[in-house]
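Structure record follows, encoded as structure tokens.
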Amino acid sequence: MELWPCAAAALLGLLLLVRLSRAAEFYAKVGLYCALCFAMSAAASLVCLLRHGGRTVENMSIISRCVRSFKYLYGLRFEVREQHRLREARPCVIVSNHQSILDMMGLMEVLPERCVQIAKRELLFLGPVGLIMYLGGVFFINRQRSSTARTVMAELGERMVRENVPIVPVVYSSFSSFYDTKKKLFISGTVTVQVLEAIPTLGLTDADVPALVDTCHRAMRTTFLHISKNPQENGATEGPGVQPAQ
């Protein structure tokens, strides 16, 4: 029983530290976010196994609902513009800019049904997080073995040509006004999510890939600068990074 006063005092001290120190509050929120990801992944994995019996893209709808609930805890709001461009009934490849560990929440806000994602292989070994991604039908690329990565991307490229699959860029505004690792800032805020017009790939060949990449990057960078409050703080001089989402 003598331990309870010490535990209560320690907890009170921790709460006081979090309230008084921005760095302590930042690390506490990031730690909670990571803990939520692991806990949600474990619970969602069980639901996915019971509902669909194993690995299928149908599980992604379950994952999406779970991840979207995080925003309420952290006071985040996502303002999605032109989302109808992702609802058109045709296959497409989605590319989005990468900023931080919060990207996952933004992605789930616009994720279409039956969306197959591509991720680095290292994530497969993150315990329940890797398991839920596997159950959601995510394709994992081993970046240390370029031949494997090229094979996966080549198959994607062949499908784009075969099915006339356009590229749909999705741009998230800068997080720096509410989330900044250097300043140890993590508060509530609003993210603007802009879905750009589809970039057609019909009739293109391998020789057109550099120009296609440049067109996509320039469109995303221009949009990023336009919709962000403090783009200079997020490496806007080089433009946003791009990662495949579908």
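Numbering starts fresh at 1 for the residues of each chain in the structure tokens, the chains themselves are lettered A, B, ... in the order given, and ligands are numbered from 1 as they appear.
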Residues of segment 58-239 of chain A in strand (DSSP E) according to DSSP, as a ChimeraX atom specification? /A:76-81,93-98,118-120,139-141,167-172,179-180,185-186,189-195
Quick one: residues within 6 Å of Phe26 of chain A, only C-alpha atoms counted, chain neighbours fewer than 6 positions away excluded, as a PyMOL selection string? chain A and resi 184-186
Grab the residues selected above and save them as a compact mmCIF listing (two decimals), in the first residue's frame with N, CA, C and O atoms.
# COMPACT_ATOMS: atom_id res chain seq x y z
N LYS A 184 9.88 20.75 -31.30
CA LYS A 184 9.15 19.91 -30.34
C LYS A 184 7.72 20.43 -30.16
O LYS A 184 7.21 20.59 -29.05
N LEU A 185 7.09 20.65 -31.31
CA LEU A 185 5.73 21.19 -31.34
C LEU A 185 4.76 20.12 -31.82
O LEU A 185 4.99 19.48 -32.86
N PHE A 186 3.69 19.91 -31.07
CA PHE A 186 2.66 18.96 -31.47
C PHE A 186 1.35 19.42 -30.83
O PHE A 186 1.03 19.09 -29.69
Hey, what's within 6 Å of segment 198-214 of chain A if we count only C-alpha atoms and toss same-chain stuff fewer than 3 positions away? As number ranges by chain, please? A: 164, 166-168, 217
Writer output for current selection, N, CA and C atoms, as a PDB file, in the first residue's frame:
ATOM      1  N   ASN A 164      -4.419   1.761 -69.241  1.00  0.00           N
ATOM      2  CA  ASN A 164      -4.498   3.231 -69.377  1.00  0.00           C
ATOM      3  C   ASN A 164      -4.700   3.893 -68.015  1.00  0.00           C
ATOM      4  N   PRO A 166      -4.278   6.321 -65.128  1.00  0.00           N
ATOM      5  CA  PRO A 166      -3.704   7.654 -64.910  1.00  0.00           C
ATOM      6  C   PRO A 166      -3.087   7.774 -63.511  1.00  0.00           C
ATOM      7  N   ILE A 167      -2.295   8.794 -63.343  1.00  0.00           N
ATOM      8  CA  ILE A 167      -1.710   9.109 -62.042  1.00  0.00           C
ATOM      9  C   ILE A 167      -2.517  10.235 -61.409  1.00  0.00           C
ATOM     10  N   VAL A 168      -2.933  10.040 -60.149  1.00  0.00           N
ATOM     11  CA  VAL A 168      -3.689  11.073 -59.428  1.00  0.00           C
ATOM     12  C   VAL A 168      -2.846  11.545 -58.240  1.00  0.00           C
ATOM     13  N   HIS A 217       5.825  16.037 -60.235  1.00  0.00           N
ATOM     14  CA  HIS A 217       6.511  16.722 -59.142  1.00  0.00           C
ATOM     15  C   HIS A 217       6.220  18.215 -59.149  1.00  0.00           C
TER      16      HIS A 217
END
Which is closest to Gln83 of chain A among A:Met133, A:Met105, A:Ala44, A:Leu111, if we use only C-alpha atoms? A:Leu111
Using DSSP secondary structure from the backbone, list all alpha helix (DSSP H) positions within segment 31-62 of chain A, as a VMD selection string. chain A and resid 31 to 52 60 to 62
Take the residues just selected and output them with C-alpha atoms as a compact mmCIF listing (two decimals), in the first residue's frame.
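Ended up saving to again_33.txt:
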# COMPACT_ATOMS: atom_id res chain seq x y z
CA GLY A 31 4.76 8.11 -27.65
CA LEU A 32 0.99 7.87 -27.27
CA TYR A 33 0.58 7.99 -31.06
CA CYS A 34 3.01 5.09 -31.50
CA ALA A 35 1.34 3.13 -28.70
CA LEU A 36 -2.06 3.69 -30.32
CA CYS A 37 -0.71 2.46 -33.66
CA PHE A 38 0.50 -0.78 -32.08
CA ALA A 39 -2.65 -1.30 -29.99
CA MET A 40 -4.96 -0.50 -32.91
CA SER A 41 -2.98 -2.80 -35.20
CA ALA A 42 -3.27 -5.70 -32.77
CA ALA A 43 -7.02 -5.22 -32.29
CA ALA A 44 -7.71 -4.60 -35.99
CA SER A 45 -5.69 -7.68 -36.96
CA LEU A 46 -8.00 -9.83 -34.89
CA VAL A 47 -11.07 -8.22 -36.46
CA CYS A 48 -9.64 -8.68 -39.97
CA LEU A 49 -8.89 -12.36 -39.32
CA LEU A 50 -12.35 -13.00 -37.93
CA ARG A 51 -14.14 -11.10 -40.69
CA HIS A 52 -12.18 -11.97 -43.81
CA MET A 60 -8.17 -1.86 -45.61
CA SER A 61 -11.60 -0.39 -44.88
CA ILE A 62 -11.32 -1.67 -41.29
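The smallest atom-to-atom distance between Leu107 of chain A and any of A:Arg68, A:Arg22, A:Arg81, A:Arg121, using only C-alpha atoms, is found for A:Arg68.
Closest approach to Cys216 of chain A among A:Val95, A:Leu126, A:Val67, A:Asn59: A:Val95, based on only C-alpha atoms.
Atom CA of Val80 of chain A is found 4.6 Å from atom CA of Val193 of chain A.
The list of residues with at least one atom within 6 Å of Ser173 of chain A, based on only C-alpha atoms and without residues fewer than 6 positions apart in the same chain, reads A:Val191, A:Thr192, A:Phe224, A:Ile227, A:Ser228.
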Same residues, C-alpha atoms, output as a PDB file, in the first residue's frame:
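The resulting file, selection_22.pdb, is shown below:
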ATOM      1  CA  VAL A 191      -4.432  19.875 -42.834  1.00  0.00           C
ATOM      2  CA  THR A 192      -5.598  20.759 -46.320  1.00  0.00           C
ATOM      3  CA  PHE A 224       2.041  22.317 -51.737  1.00  0.00           C
ATOM      4  CA  ILE A 227      -2.077  25.381 -49.705  1.00  0.00           C
ATOM      5  CA  SER A 228       0.565  25.456 -46.934  1.00  0.00           C
TER       6      SER A 228
END
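The gap separating atom CA of Lys71 of chain A from atom CA of Gly53 of chain A is 28.7 Å, in Å to one decimal.
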In Å and to one decimal, atom CA of Ala219 of chain A is distant from atom CA of Ile94 of chain A by 13.6 Å
I'd like a table as a tab-separated table: residues in segment 68-107 of chain A with an atom no more than 9 Å from segment 175-183 of chain A, each row giving the shortest atom pair and its distance in Å to one decimal, only C-alpha atoms counted, sorted by chain and rising residue number.
residue	atom	partner	partner_atom	distance
A:Gln99	CA	A:Phe175	CA	7.6
A:Ser100	CA	A:Phe175	CA	8.4
A:Leu102	CA	A:Phe175	CA	8.7
Write the residues of the selection above to a file with all heavy atoms, as a JSON list (two decimals), in the first residue's frame.
[["chain", "number", "residue", "atom", "x", "y", "z"],
["A", 99, "GLN", "N", 5.75, 13.55, -45.20],
["A", 99, "GLN", "CA", 6.25, 14.55, -44.25],
["A", 99, "GLN", "C", 6.65, 13.96, -42.91],
["A", 99, "GLN", "O", 7.71, 14.27, -42.38],
["A", 99, "GLN", "CB", 5.21, 15.65, -44.03],
["A", 99, "GLN", "CG", 4.88, 16.46, -45.28],
["A", 99, "GLN", "CD", 3.92, 17.61, -44.97],
["A", 99, "GLN", "OE1", 4.26, 18.53, -44.24],
["A", 99, "GLN", "NE2", 2.73, 17.54, -45.53],
["A", 100, "SER", "N", 5.78, 13.14, -42.31],
["A", 100, "SER", "CA", 6.07, 12.68, -40.96],
["A", 100, "SER", "C", 5.25, 11.42, -40.64],
["A", 100, "SER", "O", 4.59, 10.87, -41.52],
["A", 100, "SER", "CB", 5.72, 13.78, -39.94],
["A", 100, "SER", "OG", 4.31, 13.91, -39.83],
["A", 102, "LEU", "N", 2.62, 11.33, -39.18],
["A", 102, "LEU", "CA", 1.20, 11.65, -39.24],
["A", 102, "LEU", "C", 0.61, 11.45, -40.64],
["A", 102, "LEU", "O", -0.60, 11.57, -40.82],
["A", 102, "LEU", "CB", 0.95, 13.10, -38.81],
["A", 102, "LEU", "CG", 1.46, 13.50, -37.41],
["A", 102, "LEU", "CD1", 1.08, 14.95, -37.11],
["A", 102, "LEU", "CD2", 0.92, 12.58, -36.34]]
